[in-house]
file model.pdb (PDB, C-alpha atoms)
ATOM      1  CA  MET E  13     -34.394  73.333  43.066
ATOM      2  CA  THR E  14     -35.604  70.084  41.520
ATOM      3  CA  ALA E  15     -33.328  68.657  38.861
ATOM      4  CA  LEU E  16     -34.706  68.097  35.375
ATOM      5  CA  ARG E  17     -33.606  64.460  35.495
ATOM      6  CA  ASP E  18     -35.762  63.913  38.599
ATOM      7  CA  ARG E  19     -38.788  65.400  36.891
ATOM      8  CA  VAL E  20     -38.120  63.289  33.799
ATOM      9  CA  ARG E  21     -37.873  60.116  35.857
ATOM     10  CA  ALA E  22     -40.987  60.987  37.849
ATOM     11  CA  ALA E  23     -42.960  61.605  34.658
ATOM     12  CA  ALA E  24     -41.849  58.267  33.206
ATOM     13  CA  ASP E  25     -42.581  56.405  36.434
ATOM     14  CA  ALA E  26     -46.067  57.915  36.538
ATOM     15  CA  ALA E  27     -46.708  56.953  32.912
ATOM     16  CA  LEU E  28     -45.475  53.398  33.493
ATOM     17  CA  ALA E  29     -47.676  53.095  36.581
ATOM     18  CA  ASP E  30     -50.659  54.268  34.514
ATOM     19  CA  VAL E  31     -49.884  51.669  31.838
ATOM     20  CA  ALA E  32     -49.669  48.916  34.469
ATOM     21  CA  ASP E  33     -52.929  50.016  36.101
ATOM     22  CA  LEU E  34     -54.712  50.171  32.759
ATOM     23  CA  ARG E  35     -53.485  46.704  31.804
ATOM     24  CA  GLN E  36     -54.738  45.288  35.103
ATOM     25  CA  TYR E  37     -58.098  47.030  34.653
ATOM     26  CA  TRP E  38     -58.387  45.512  31.183
ATOM     27  CA  LEU E  39     -57.585  41.972  32.391
ATOM     28  CA  ASP E  40     -59.755  42.206  35.506
ATOM     29  CA  THR E  41     -62.695  43.604  33.564
ATOM     30  CA  GLN E  42     -62.397  40.811  31.034
ATOM     31  CA  THR E  43     -62.461  38.247  33.837
ATOM     32  CA  ALA E  44     -65.437  39.913  35.499
ATOM     33  CA  TRP E  45     -67.465  39.840  32.302
ATOM     34  CA  GLU E  46     -66.521  36.236  31.562
ATOM     35  CA  ILE E  47     -67.798  35.278  35.018
ATOM     36  CA  VAL E  48     -71.032  37.170  34.455
ATOM     37  CA  ASP E  49     -71.364  35.598  31.025
ATOM     38  CA  GLU E  50     -70.852  32.076  32.356
ATOM     39  CA  ALA E  51     -73.123  32.629  35.335
ATOM     40  CA  SER E  52     -75.844  33.907  33.020
ATOM     41  CA  SER E  53     -76.057  30.576  31.241
ATOM     42  CA  PRO E  54     -79.437  28.875  30.818
ATOM     43  CA  ASP E  55     -78.703  26.899  33.991
ATOM     44  CA  ALA E  56     -81.278  29.051  35.746
ATOM     45  CA  GLY E  57     -80.911  27.396  39.123
ATOM     46  CA  PHE E  58     -77.251  28.167  39.332
ATOM     47  CA  ALA E  59     -77.665  31.649  37.902
ATOM     48  CA  ALA E  60     -80.387  32.485  40.398
ATOM     49  CA  GLU E  61     -78.100  31.420  43.255
ATOM     50  CA  PHE E  62     -75.199  33.342  41.826
ATOM     51  CA  PHE E  63     -77.008  36.571  41.236
ATOM     52  CA  GLY E  64     -79.404  36.303  44.156
ATOM     53  CA  THR E  65     -82.189  38.792  43.881
ATOM     54  CA  ALA E  66     -80.128  41.634  42.488
ATOM     55  CA  ARG E  67     -82.454  43.734  40.413
ATOM     56  CA  PHE E  68     -80.099  43.957  37.452
ATOM     57  CA  SER E  69     -80.050  40.219  36.955
ATOM     58  CA  SER E  70     -83.035  38.786  38.779
ATOM     59  CA  THR E  71     -84.861  37.395  35.789
ATOM     60  CA  PRO E  72     -83.747  34.758  33.294
ATOM     61  CA  GLU E  73     -84.478  37.217  30.501
ATOM     62  CA  ARG E  74     -82.213  39.826  32.011
ATOM     63  CA  ARG E  75     -79.477  37.285  32.546
ATOM     64  CA  GLN E  76     -79.782  36.215  28.923
ATOM     65  CA  GLU E  77     -79.433  39.859  27.938
ATOM     66  CA  LEU E  78     -76.256  40.143  29.978
ATOM     67  CA  SER E  79     -74.819  37.047  28.386
ATOM     68  CA  THR E  80     -75.718  38.272  24.924
ATOM     69  CA  ARG E  81     -74.136  41.649  25.487
ATOM     70  CA  ALA E  82     -71.004  40.469  27.263
ATOM     71  CA  ASP E  83     -69.038  39.803  24.102
ATOM     72  CA  ASP E  84     -70.155  43.051  22.567
ATOM     73  CA  TYR E  85     -68.970  44.916  25.650
ATOM     74  CA  LEU E  86     -65.645  43.081  25.661
ATOM     75  CA  GLN E  87     -64.883  43.191  21.945
ATOM     76  CA  ARG E  88     -66.028  46.689  21.190
ATOM     77  CA  TYR E  89     -66.335  48.983  24.161
ATOM     78  CA  LEU E  90     -63.733  47.671  26.594
ATOM     79  CA  ALA E  91     -61.062  47.058  23.975
ATOM     80  CA  ALA E  92     -61.695  50.404  22.266
ATOM     81  CA  ALA E  93     -61.608  52.309  25.544
ATOM     82  CA  VAL E  94     -58.364  50.596  26.537
ATOM     83  CA  VAL E  95     -56.675  51.412  23.218
ATOM     84  CA  GLN E  96     -57.697  55.061  23.505
ATOM     85  CA  GLN E  97     -56.549  55.322  27.106
ATOM     86  CA  LEU E  98     -53.271  53.567  26.369
ATOM     87  CA  TYR E  99     -52.496  55.967  23.561
ATOM     88  CA  ALA E 100     -53.508  58.917  25.743
ATOM     89  CA  ILE E 101     -50.933  57.838  28.333
ATOM     90  CA  PHE E 102     -48.198  57.723  25.710
ATOM     91  CA  ASP E 103     -49.306  61.016  24.177
ATOM     92  CA  GLY E 104     -49.310  62.667  27.588
ATOM     93  CA  TYR E 105     -45.857  61.295  28.318
ATOM     94  CA  VAL E 106     -44.361  62.647  25.085
ATOM     95  CA  LEU E 107     -45.966  66.069  25.509
ATOM     96  CA  GLY E 108     -44.885  66.134  29.148
ATOM     97  CA  LEU E 109     -41.309  65.475  28.089
ATOM     98  CA  VAL E 110     -41.495  68.287  25.519
ATOM     99  CA  ARG E 111     -42.852  70.612  28.225
ATOM    100  CA  LEU E 112     -40.158  69.703  30.760
ATOM    101  CA  TRP E 113     -37.397  70.150  28.199
ATOM    102  CA  LEU E 114     -38.622  73.482  26.902
ATOM    103  CA  LEU E 115     -39.057  74.835  30.431
ATOM    104  CA  ALA E 116     -35.541  73.753  31.361
ATOM    105  CA  HIS E 117     -34.013  74.858  28.050
ATOM    106  CA  PRO E 118     -36.199  77.714  26.743
ATOM    107  CA  ARG E 119     -33.643  78.605  24.112
ATOM    108  CA  HIS E 120     -34.969  75.616  22.202
ATOM    109  CA  LEU E 121     -38.160  77.601  21.672
ATOM    110  CA  ILE E 122     -36.279  79.753  19.207
ATOM    111  CA  ARG E 123     -35.433  76.873  16.905
ATOM    112  CA  THR E 124     -38.270  74.422  17.514
ATOM    113  CA  GLY E 125     -41.050  76.756  16.515
ATOM    114  CA  ARG E 126     -41.457  74.729  13.322
ATOM    115  CA  GLY E 127     -40.256  77.497  11.069
ATOM    116  CA  GLN E 128     -41.188  80.372  13.320
ATOM    117  CA  GLN E 129     -38.210  82.285  14.541
ATOM    118  CA  THR E 130     -40.249  84.334  16.971
ATOM    119  CA  ARG E 131     -43.149  83.692  19.295
ATOM    120  CA  GLN E 132     -45.501  86.560  19.907
ATOM    121  CA  VAL E 133     -46.702  87.236  23.420
ATOM    122  CA  SER E 134     -49.502  89.625  24.239
ATOM    123  CA  LEU E 135     -48.648  92.763  26.163
ATOM    124  CA  ALA E 136     -51.269  91.795  28.738
ATOM    125  CA  ALA E 137     -49.562  88.457  29.325
ATOM    126  CA  VAL E 138     -46.249  90.212  29.935
ATOM    127  CA  VAL E 139     -47.716  92.911  32.146
ATOM    128  CA  ASN E 140     -49.753  90.466  34.198
ATOM    129  CA  ALA E 141     -46.969  87.910  34.602
ATOM    130  CA  PRO E 142     -45.198  88.091  37.955
ATOM    131  CA  ASP E 143     -41.814  87.392  36.395
ATOM    132  CA  ARG E 144     -39.941  86.205  33.315
ATOM    133  CA  ALA E 145     -40.447  82.558  34.250
ATOM    134  CA  ALA E 146     -44.223  83.002  34.126
ATOM    135  CA  VAL E 147     -44.011  84.501  30.648
ATOM    136  CA  LEU E 148     -41.887  81.586  29.495
ATOM    137  CA  GLU E 149     -44.308  79.103  31.028
ATOM    138  CA  GLU E 150     -47.152  80.569  29.010
ATOM    139  CA  ILE E 151     -45.103  80.428  25.818
ATOM    140  CA  VAL E 152     -44.110  76.841  26.523
ATOM    141  CA  GLU E 153     -47.745  75.871  27.179
ATOM    142  CA  ARG E 154     -48.736  77.333  23.832
ATOM    143  CA  GLU E 155     -45.896  75.476  22.136
ATOM    144  CA  VAL E 156     -46.964  72.203  23.776
ATOM    145  CA  ARG E 157     -50.572  72.783  22.712
ATOM    146  CA  ASP E 158     -49.383  73.275  19.135
ATOM    147  CA  VAL E 159     -47.261  70.134  19.284
ATOM    148  CA  ALA E 160     -50.298  68.214  20.561
ATOM    149  CA  TYR E 161     -52.058  68.848  17.253
ATOM    150  CA  LEU E 162     -49.183  67.503  15.168
ATOM    151  CA  SER E 163     -49.110  63.993  13.781
ATOM    152  CA  LEU E 164     -47.323  61.497  16.003
ATOM    153  CA  LYS E 165     -44.505  61.370  13.489
ATOM    154  CA  ASP E 166     -44.030  65.134  13.771
ATOM    155  CA  GLN E 167     -44.441  65.068  17.552
ATOM    156  CA  LEU E 168     -41.626  62.553  17.843
ATOM    157  CA  GLU E 169     -39.531  64.595  15.420
ATOM    158  CA  THR E 170     -40.109  67.695  17.565
ATOM    159  CA  LEU E 171     -38.997  65.749  20.619
ATOM    160  CA  ARG E 172     -35.959  64.415  18.752
ATOM    161  CA  LYS E 173     -34.887  67.952  17.883
ATOM    162  CA  LEU E 174     -35.153  68.893  21.547
ATOM    163  CA  VAL E 175     -33.350  65.845  22.853
ATOM    164  CA  SER E 176     -32.220  62.892  20.786
ATOM    165  CA  LEU E 177     -33.062  59.805  22.835
ATOM    166  CA  GLY E 178     -32.566  57.116  20.193
ATOM    167  CA  ARG E 179     -35.975  55.664  21.033
ATOM    168  CA  PRO E 180     -38.499  54.897  19.760
ATOM    169  CA  ASP E 181     -36.510  53.194  17.007
ATOM    170  CA  ASP E 182     -37.878  52.861  13.473
ATOM    171  CA  ASP E 183     -39.879  49.690  14.174
ATOM    172  CA  GLU E 184     -41.328  51.083  17.398
ATOM    173  CA  ARG E 185     -42.165  54.349  15.672
ATOM    174  CA  ALA E 186     -44.064  52.504  12.916
ATOM    175  CA  ALA E 187     -45.965  50.424  15.471
ATOM    176  CA  LEU E 188     -46.844  53.519  17.513
ATOM    177  CA  ILE E 189     -48.103  55.263  14.388
ATOM    178  CA  GLU E 190     -50.313  52.241  13.627
ATOM    179  CA  LEU E 191     -51.622  52.364  17.201
ATOM    180  CA  LYS E 192     -52.415  56.045  16.763
ATOM    181  CA  ALA E 193     -54.139  55.294  13.442
ATOM    182  CA  THR E 194     -56.250  52.652  15.177
ATOM    183  CA  ARG E 195     -57.086  55.116  17.939
ATOM    184  CA  ASP E 196     -58.069  57.760  15.350
ATOM    185  CA  LEU E 197     -60.306  55.272  13.553
ATOM    186  CA  LEU E 198     -62.072  54.445  16.820
ATOM    187  CA  VAL E 199     -62.467  58.075  17.829
ATOM    188  CA  HIS E 200     -63.299  59.684  14.499
ATOM    189  CA  GLY E 201     -64.691  56.806  12.462
ATOM    190  CA  ASP E 202     -67.229  54.098  13.067
ATOM    191  CA  GLY E 203     -64.642  51.365  13.278
ATOM    192  CA  VAL E 204     -64.676  50.581   9.570
ATOM    193  CA  VAL E 205     -61.227  50.743   8.012
ATOM    194  CA  THR E 206     -60.691  53.751   5.771
ATOM    195  CA  ALA E 207     -58.073  54.897   3.300
ATOM    196  CA  ASP E 208     -56.898  57.333   5.971
ATOM    197  CA  TYR E 209     -56.122  54.463   8.355
ATOM    198  CA  LEU E 210     -54.329  52.546   5.614
ATOM    199  CA  ALA E 211     -52.241  55.590   4.700
ATOM    200  CA  LYS E 212     -51.256  56.203   8.312
ATOM    201  CA  ALA E 213     -50.630  52.579   9.263
ATOM    202  CA  GLY E 214     -48.697  51.740   6.104
ATOM    203  CA  SER E 215     -47.292  48.226   6.001
ATOM    204  CA  LEU E 216     -48.534  47.562   9.539
ATOM    205  CA  ALA E 217     -52.206  47.971   8.591
ATOM    206  CA  ARG E 218     -54.100  45.090  10.194
ATOM    207  CA  PHE E 219     -57.262  45.182   8.118
ATOM    208  CA  ALA E 220     -58.221  45.988   4.549
ATOM    209  CA  ASP E 221     -60.271  48.924   3.317
ATOM    210  CA  GLY E 222     -63.939  48.557   4.329
ATOM    211  CA  GLU E 223     -63.355  45.810   6.902
ATOM    212  CA  ARG E 224     -64.554  46.267  10.461
ATOM    213  CA  MET E 225     -61.640  46.988  12.774
ATOM    214  CA  GLN E 226     -61.123  44.387  15.481
ATOM    215  CA  LEU E 227     -59.020  44.625  18.595
ATOM    216  CA  PRO E 228     -58.042  41.084  19.549
ATOM    217  CA  ASP E 229     -56.331  40.516  22.881
ATOM    218  CA  VAL E 230     -53.025  39.763  21.205
ATOM    219  CA  TYR E 231     -53.057  43.238  19.644
ATOM    220  CA  LEU E 232     -53.787  44.938  22.944
ATOM    221  CA  SER E 233     -51.110  42.891  24.719
ATOM    222  CA  ALA E 234     -48.561  43.844  22.064
ATOM    223  CA  SER E 235     -49.612  47.487  22.334
ATOM    224  CA  PHE E 236     -49.123  47.439  26.102
ATOM    225  CA  ASP E 237     -45.665  45.916  25.627
ATOM    226  CA  LEU E 238     -44.843  48.494  22.962
ATOM    227  CA  VAL E 239     -45.831  51.554  24.996
ATOM    228  CA  ARG E 240     -44.270  50.239  28.199
ATOM    229  CA  GLY E 241     -41.057  49.274  26.403
ATOM    230  CA  VAL E 242     -40.679  52.597  24.609
ATOM    231  CA  ILE E 243     -41.306  54.674  27.732
ATOM    232  CA  ALA E 244     -38.907  52.521  29.763
ATOM    233  CA  ALA E 245     -36.228  52.780  27.085
ATOM    234  CA  MET E 246     -36.618  56.550  26.887
ATOM    235  CA  ILE E 247     -36.123  57.034  30.628
ATOM    236  CA  ASP E 248     -32.419  56.296  30.929
ATOM    237  CA  ALA E 249     -31.507  58.237  27.817
ATOM    238  CA  ALA E 250     -33.592  61.225  28.913
ATOM    239  CA  VAL E 251     -32.183  61.182  32.431
ATOM    240  CA  ALA E 252     -28.630  61.031  31.079
ATOM    241  CA  LYS E 253     -29.280  63.894  28.672
ATOM    242  CA  ALA E 254     -30.906  65.961  31.397
ATOM    243  CA  GLY E 255     -27.618  66.035  33.287
ATOM    244  CA  ASP E 256     -27.622  68.468  36.173
ATOM    245  CA  ALA E 257     -29.924  70.988  34.555
ATOM    246  CA  PRO E 258     -32.519  72.415  36.940
ATOM    247  CA  ALA E 259     -36.196  71.874  36.183
ATOM    248  CA  ARG E 260     -38.479  74.869  35.881
ATOM    249  CA  GLY E 261     -42.199  75.373  36.008
TER     250      GLY E 261
ATOM    251  CA  MET O  19     -72.417  35.580  58.565
ATOM    252  CA  PRO O  20     -70.554  33.733  55.832
ATOM    253  CA  ALA O  21     -72.209  33.658  52.458
ATOM    254  CA  PRO O  22     -73.836  30.344  51.575
ATOM    255  CA  ALA O  23     -71.791  28.170  49.277
ATOM    256  CA  LEU O  24     -72.793  28.415  45.661
ATOM    257  CA  PRO O  25     -73.745  25.280  43.812
ATOM    258  CA  SER O  26     -71.219  24.181  41.237
ATOM    259  CA  PRO O  27     -72.257  24.905  37.684
ATOM    260  CA  PRO O  28     -72.234  21.993  35.309
ATOM    261  CA  ALA O  29     -69.064  21.615  33.318
ATOM    262  CA  ALA O  30     -69.449  22.717  29.743
ATOM    263  CA  ASP O  31     -69.819  19.989  27.174
ATOM    264  CA  ASP O  32     -66.550  20.453  25.383
ATOM    265  CA  ALA O  33     -66.728  17.402  23.171
ATOM    266  CA  LEU O  34     -68.460  19.412  20.488
ATOM    267  CA  LEU O  35     -67.318  22.959  19.988
ATOM    268  CA  THR O  36     -69.641  25.493  18.454
ATOM    269  CA  VAL O  37     -69.218  28.846  16.800
ATOM    270  CA  GLU O  38     -71.139  31.410  18.799
ATOM    271  CA  THR O  39     -72.478  34.487  17.067
ATOM    272  CA  PRO O  40     -72.981  37.108  19.768
ATOM    273  CA  GLN O  41     -75.126  40.110  19.004
ATOM    274  CA  ASN O  42     -73.148  43.022  17.506
ATOM    275  CA  ALA O  43     -69.848  41.204  18.071
ATOM    276  CA  ALA O  44     -67.629  38.959  15.997
ATOM    277  CA  PRO O  45     -68.136  35.192  16.172
ATOM    278  CA  ILE O  46     -66.244  33.314  18.866
ATOM    279  CA  ILE O  47     -65.407  29.774  19.902
ATOM    280  CA  ARG O  48     -65.157  28.952  23.618
ATOM    281  CA  LEU O  49     -62.972  26.048  24.561
ATOM    282  CA  PRO O  50     -60.852  24.630  27.350
ATOM    283  CA  ILE O  51     -57.353  26.047  27.321
ATOM    284  CA  GLU O  52     -55.741  22.683  26.566
ATOM    285  CA  ARG O  53     -57.612  22.380  23.272
ATOM    286  CA  THR O  54     -56.627  25.811  22.016
ATOM    287  CA  GLU O  55     -53.544  24.816  20.080
ATOM    288  CA  ALA O  56     -55.176  21.958  18.158
ATOM    289  CA  VAL O  57     -58.232  23.995  17.211
ATOM    290  CA  SER O  58     -56.142  27.011  16.243
ATOM    291  CA  GLN O  59     -53.980  24.800  14.032
ATOM    292  CA  ALA O  60     -57.066  23.328  12.356
ATOM    293  CA  LEU O  61     -58.420  26.809  11.693
ATOM    294  CA  SER O  62     -55.077  27.933  10.297
ATOM    295  CA  ASP O  63     -54.920  24.884   8.050
ATOM    296  CA  ALA O  64     -58.385  25.779   6.747
ATOM    297  CA  GLY O  65     -57.295  29.365   6.117
ATOM    298  CA  VAL O  66     -59.584  30.824   8.773
ATOM    299  CA  ARG O  67     -58.289  34.094  10.185
ATOM    300  CA  HIS O  68     -58.560  34.039  13.956
ATOM    301  CA  TRP O  69     -56.976  35.220  17.197
ATOM    302  CA  ILE O  70     -56.522  33.358  20.468
ATOM    303  CA  GLN O  71     -57.881  35.472  23.292
ATOM    304  CA  ASN O  72     -56.661  35.731  26.880
ATOM    305  CA  PRO O  73     -57.427  32.803  29.192
ATOM    306  CA  TYR O  74     -60.076  33.251  31.863
ATOM    307  CA  PRO O  75     -61.020  31.201  34.919
ATOM    308  CA  SER O  76     -64.172  29.125  34.601
ATOM    309  CA  LEU O  77     -66.703  28.923  37.417
ATOM    310  CA  ALA O  78     -66.764  25.182  36.744
ATOM    311  CA  GLY O  79     -63.025  25.005  37.381
ATOM    312  CA  GLY O  80     -60.018  25.206  35.118
ATOM    313  CA  TRP O  81     -59.217  27.828  32.549
ATOM    314  CA  ARG O  82     -60.864  28.527  29.260
ATOM    315  CA  ARG O  83     -60.149  30.649  26.232
ATOM    316  CA  LYS O  84     -62.067  32.142  23.383
ATOM    317  CA  ILE O  85     -60.953  32.113  19.795
ATOM    318  CA  LEU O  86     -62.021  35.286  18.049
ATOM    319  CA  LEU O  87     -63.034  35.175  14.396
ATOM    320  CA  THR O  88     -63.486  38.042  11.991
ATOM    321  CA  HIS O  89     -66.873  39.649  11.502
ATOM    322  CA  ALA O  90     -66.857  38.299   7.959
ATOM    323  CA  ALA O  91     -66.091  34.713   8.996
ATOM    324  CA  ASP O  92     -68.048  31.964   7.225
ATOM    325  CA  VAL O  93     -69.646  30.511  10.357
ATOM    326  CA  ALA O  94     -70.870  27.336   8.644
ATOM    327  CA  ALA O  95     -67.417  26.613   7.226
ATOM    328  CA  VAL O  96     -65.772  27.194  10.602
ATOM    329  CA  GLN O  97     -68.323  24.927  12.290
ATOM    330  CA  LYS O  98     -67.400  22.225   9.772
ATOM    331  CA  VAL O  99     -63.743  22.592  10.800
ATOM    332  CA  LEU O 100     -64.730  22.229  14.461
ATOM    333  CA  ASP O 101     -66.856  19.176  13.717
ATOM    334  CA  ASP O 102     -63.934  17.608  11.874
ATOM    335  CA  VAL O 103     -61.654  18.295  14.839
ATOM    336  CA  ALA O 104     -64.171  16.663  17.185
ATOM    337  CA  GLY O 105     -64.422  13.646  14.890
ATOM    338  CA  GLN O 106     -60.703  13.022  14.841
TER     339      GLN O 106
END

call {"tool": "encode", "arguments": {"input": "model.pdb", "output": "structure tokens"}}
result
Amino acid sequence: MTALRDRVRAAADAALADVADLRQYWLDTQTAWEIVDEASSPDAGFAAEFFGTARFSSTPERRQELSTRADDYLQRYLAAAVVQQLYAIFDGYVLGLVRLWLLAHPRHLIRTGRGQQTRQVSLAAVVNAPDRAAVLEEIVEREVRDVAYLSLKDQLETLRKLVSLGRPDDDERAALIELKATRDLLVHGDGVVTADYLAKAGSLARFADGERMQLPDVYLSASFDLVRGVIAAMIDAAVAKAGDAPARG
Amino acid sequence: MPAPALPSPPAADDALLTVETPQNAAPIIRLPIERTEAVSQALSDAGVRHWIQNPYPSLAGGWRRKILLTHAADVAAVQKVLDDVAGQ
């Protein structure tokens, strides 16, 4: 049977690999667009050689369009997509850890139900389940789905009650909450800073109410370092706490 | 068959820096990487909020950077700062 610590390490390794891949995609895509932008300059002779007769860039007008749009693509769409994906990796890692821990230690379900002492399971689910483990898996999935809808602060608190890892620390937690607030603004708003963002981000708010949110490279780089650092720091503590417990599910 | 060699693009005229105002994006300043620090310092001294972006390789050789300004940046005032830097 696979040990919980092995599953925990595998989940962290996968998340760290995703972070590294995403960072490389971000940097490579930036470079690609800068090359296109530079090659689309009014130096038509060079641009024509560079692009050849490719339909997407065969006319000076089209090349000018590409150049004009390059910064828009980089500043808005690429950066926003990277922030959302980066947060999704972290979110998936935290929820995955909650899932692994609850499956390995289902007794936690009794006291982590956020006030609920019991979890109801339908008779059909019990009757149709091949064994007790399958019933528990369904309950754990429902618990994880509920945790997914909590604020990041409450998600991390849920995880802390399951297994106290000591990370993220207070500063990292505040920075992660600001990252989540930025992600929420991009997903649910039109990129203009709102009172909701300011309330969530607190003292780490990067823009004032009504300003257009910007995602400079230095912010994305710091966010990559933050997520990578927190996940890496959580690994050793989680592996140590997992001990020799078997993984389930 | 090997691809024909591309002609070298002309090097950008970096003596005078300009604030570019791309469509739907915040204003930027493109510059050679070695001038970044001086220009950033001049912008800071003038109270202009800005961020130094990642370096990127230029087709003309060397590395360049962009300095990102806020959407609300006073482009004329920033251009004045750049002109002053060029005149020094």

call {"tool": "residues_around", "arguments": {"input": "model.pdb", "residues": "Leu28 in chain E", "least_positions_apart": "6", "cutoff": "12 Å", "atoms": "only C-alpha atoms", "output": "compact mmCIF listing (two decimals) with C-alpha atoms, in the coordinates of the input"}}
result
# COMPACT_ATOMS: atom_id res chain seq x y z
CA ARG E 21 -37.87 60.12 35.86
CA ALA E 22 -40.99 60.99 37.85
CA LEU E 34 -54.71 50.17 32.76
CA ARG E 35 -53.48 46.70 31.80
CA LEU E 98 -53.27 53.57 26.37
CA ILE E 101 -50.93 57.84 28.33
CA PHE E 102 -48.20 57.72 25.71
CA GLY E 104 -49.31 62.67 27.59
CA TYR E 105 -45.86 61.30 28.32
CA PHE E 236 -49.12 47.44 26.10
CA ASP E 237 -45.66 45.92 25.63
CA LEU E 238 -44.84 48.49 22.96
CA VAL E 239 -45.83 51.55 25.00
CA ARG E 240 -44.27 50.24 28.20
CA GLY E 241 -41.06 49.27 26.40
CA VAL E 242 -40.68 52.60 24.61
CA ILE E 243 -41.31 54.67 27.73
CA ALA E 244 -38.91 52.52 29.76
CA ALA E 245 -36.23 52.78 27.08
CA MET E 246 -36.62 56.55 26.89
CA ILE E 247 -36.12 57.03 30.63

call {"tool": "resolve_selection", "arguments": {"input": "model.pdb", "expression": "the PyMOL selection byres ((chain O) within 8 of (chain E))", "output": "VMD selection string"}}
result
chain O and resid 24 to 27 40 to 44 69 to 72 74 to 77 86 88 to 89

call {"tool": "write_last_selection", "arguments": {"input": "model.pdb", "atoms": "C-alpha atoms", "output": "PDB file, in the frame of the given file"}}
result
ATOM      1  CA  LEU O  24     -72.793  28.415  45.661  1.00  0.00           C
ATOM      2  CA  PRO O  25     -73.745  25.280  43.812  1.00  0.00           C
ATOM      3  CA  SER O  26     -71.219  24.181  41.237  1.00  0.00           C
ATOM      4  CA  PRO O  27     -72.257  24.905  37.684  1.00  0.00           C
ATOM      5  CA  PRO O  40     -72.981  37.108  19.768  1.00  0.00           C
ATOM      6  CA  GLN O  41     -75.126  40.110  19.004  1.00  0.00           C
ATOM      7  CA  ASN O  42     -73.148  43.022  17.506  1.00  0.00           C
ATOM      8  CA  ALA O  43     -69.848  41.204  18.071  1.00  0.00           C
ATOM      9  CA  ALA O  44     -67.629  38.959  15.997  1.00  0.00           C
ATOM     10  CA  TRP O  69     -56.976  35.220  17.197  1.00  0.00           C
ATOM     11  CA  ILE O  70     -56.522  33.358  20.468  1.00  0.00           C
ATOM     12  CA  GLN O  71     -57.881  35.472  23.292  1.00  0.00           C
ATOM     13  CA  ASN O  72     -56.661  35.731  26.880  1.00  0.00           C
ATOM     14  CA  TYR O  74     -60.076  33.251  31.863  1.00  0.00           C
ATOM     15  CA  PRO O  75     -61.020  31.201  34.919  1.00  0.00           C
ATOM     16  CA  SER O  76     -64.172  29.125  34.601  1.00  0.00           C
ATOM     17  CA  LEU O  77     -66.703  28.923  37.417  1.00  0.00           C
ATOM     18  CA  LEU O  86     -62.021  35.286  18.049  1.00  0.00           C
ATOM     19  CA  THR O  88     -63.486  38.042  11.991  1.00  0.00           C
ATOM     20  CA  HIS O  89     -66.873  39.649  11.502  1.00  0.00           C
TER      21      HIS O  89
END

call {"tool": "residues_around", "arguments": {"input": "model.pdb", "residues": "Val93 in chain O", "least_positions_apart": "3", "cutoff": "8 Å", "atoms": "all atoms listed in the file", "output": "ChimeraX atom specification"}}
result
/O:37,45,96-97

call {"tool": "atom_distance", "arguments": {"input": "model.pdb", "atom1": "CA of Thr194 in chain E", "atom2": "CA of Asp166 in chain E"}}
result
17.5 Å

call {"tool": "residues_around", "arguments": {"input": "model.pdb", "residues": "Asp101 in chain O", "least_positions_apart": "6", "cutoff": "9 Å", "atoms": "all atoms listed in the file", "output": "JSON, numbers by chain"}}
result
{"O": [34, 35, 36]}

call {"tool": "atom_distance", "arguments": {"input": "model.pdb", "atom1": "CA of Leu191 in chain E", "atom2": "CA of Thr170 in chain E"}}
result
19.2 Å

call {"tool": "residues_near_point", "arguments": {"input": "model.pdb", "point": "(-33.0, 71.2, 22.2)", "cutoff": "7 Å", "atoms": "all atoms listed in the file", "output": "list in words"}}
result
His117, His120, Lys173, Leu174 and Val175 of chain E

call {"tool": "write_last_selection", "arguments": {"input": "model.pdb", "atoms": "C-alpha atoms", "output": "PDB file, keeping the file's coordinate frame"}}
result
ATOM      1  CA  HIS E 117     -34.013  74.858  28.050  1.00  0.00           C
ATOM      2  CA  HIS E 120     -34.969  75.616  22.202  1.00  0.00           C
ATOM      3  CA  LYS E 173     -34.887  67.952  17.883  1.00  0.00           C
ATOM      4  CA  LEU E 174     -35.153  68.893  21.547  1.00  0.00           C
ATOM      5  CA  VAL E 175     -33.350  65.845  22.853  1.00  0.00           C
TER       6      VAL E 175
END

call {"tool": "closest_residue", "arguments": {"input": "model.pdb", "among": "E:Ala137, E:Leu90, E:Leu162, E:Leu168", "to": "Val110 in chain E", "atoms": "all atoms listed in the file"}}
result
E:Leu168

call {"tool": "closest_atom_pairs", "arguments": {"input": "model.pdb", "of": "range 76-104 of chain O", "to": "range 54-65 of chain O", "cutoff": "12 Å", "atoms": "all atoms listed in the file", "output": "CSV"}}
result
residue,atom,partner,partner_atom,distance
O:Trp81,CA,O:Thr54,CA,11.0
O:Arg82,CA,O:Thr54,CA,8.8
O:Arg83,CA,O:Thr54,CA,7.3
O:Lys84,CA,O:Thr54,CA,8.5
O:Ile85,CA,O:Ser58,CA,7.9
O:Leu86,CA,O:Ser58,CA,10.3
O:Leu87,CA,O:Leu61,CA,9.9
O:Ala91,CA,O:Gly65,CA,10.7
O:Asp92,CA,O:Gly65,CA,11.1
O:Val93,CA,O:Leu61,CA,11.9
O:Ala95,CA,O:Ala64,CA,9.1
O:Val96,CA,O:Leu61,CA,7.4
O:Gln97,CA,O:Leu61,CA,10.1
O:Lys98,CA,O:Ala64,CA,10.2
O:Val99,CA,O:Leu61,CA,6.8
O:Leu100,CA,O:Val57,CA,7.3
O:Asp101,CA,O:Val57,CA,10.5
O:Asp102,CA,O:Ala60,CA,9.0
O:Val103,CA,O:Val57,CA,7.1
O:Ala104,CA,O:Val57,CA,9.4

call {"tool": "atom_distance", "arguments": {"input": "model.pdb", "atom1": "CA of Glu155 in chain E", "atom2": "CA of Leu171 in chain E"}}
result
12.0 Å
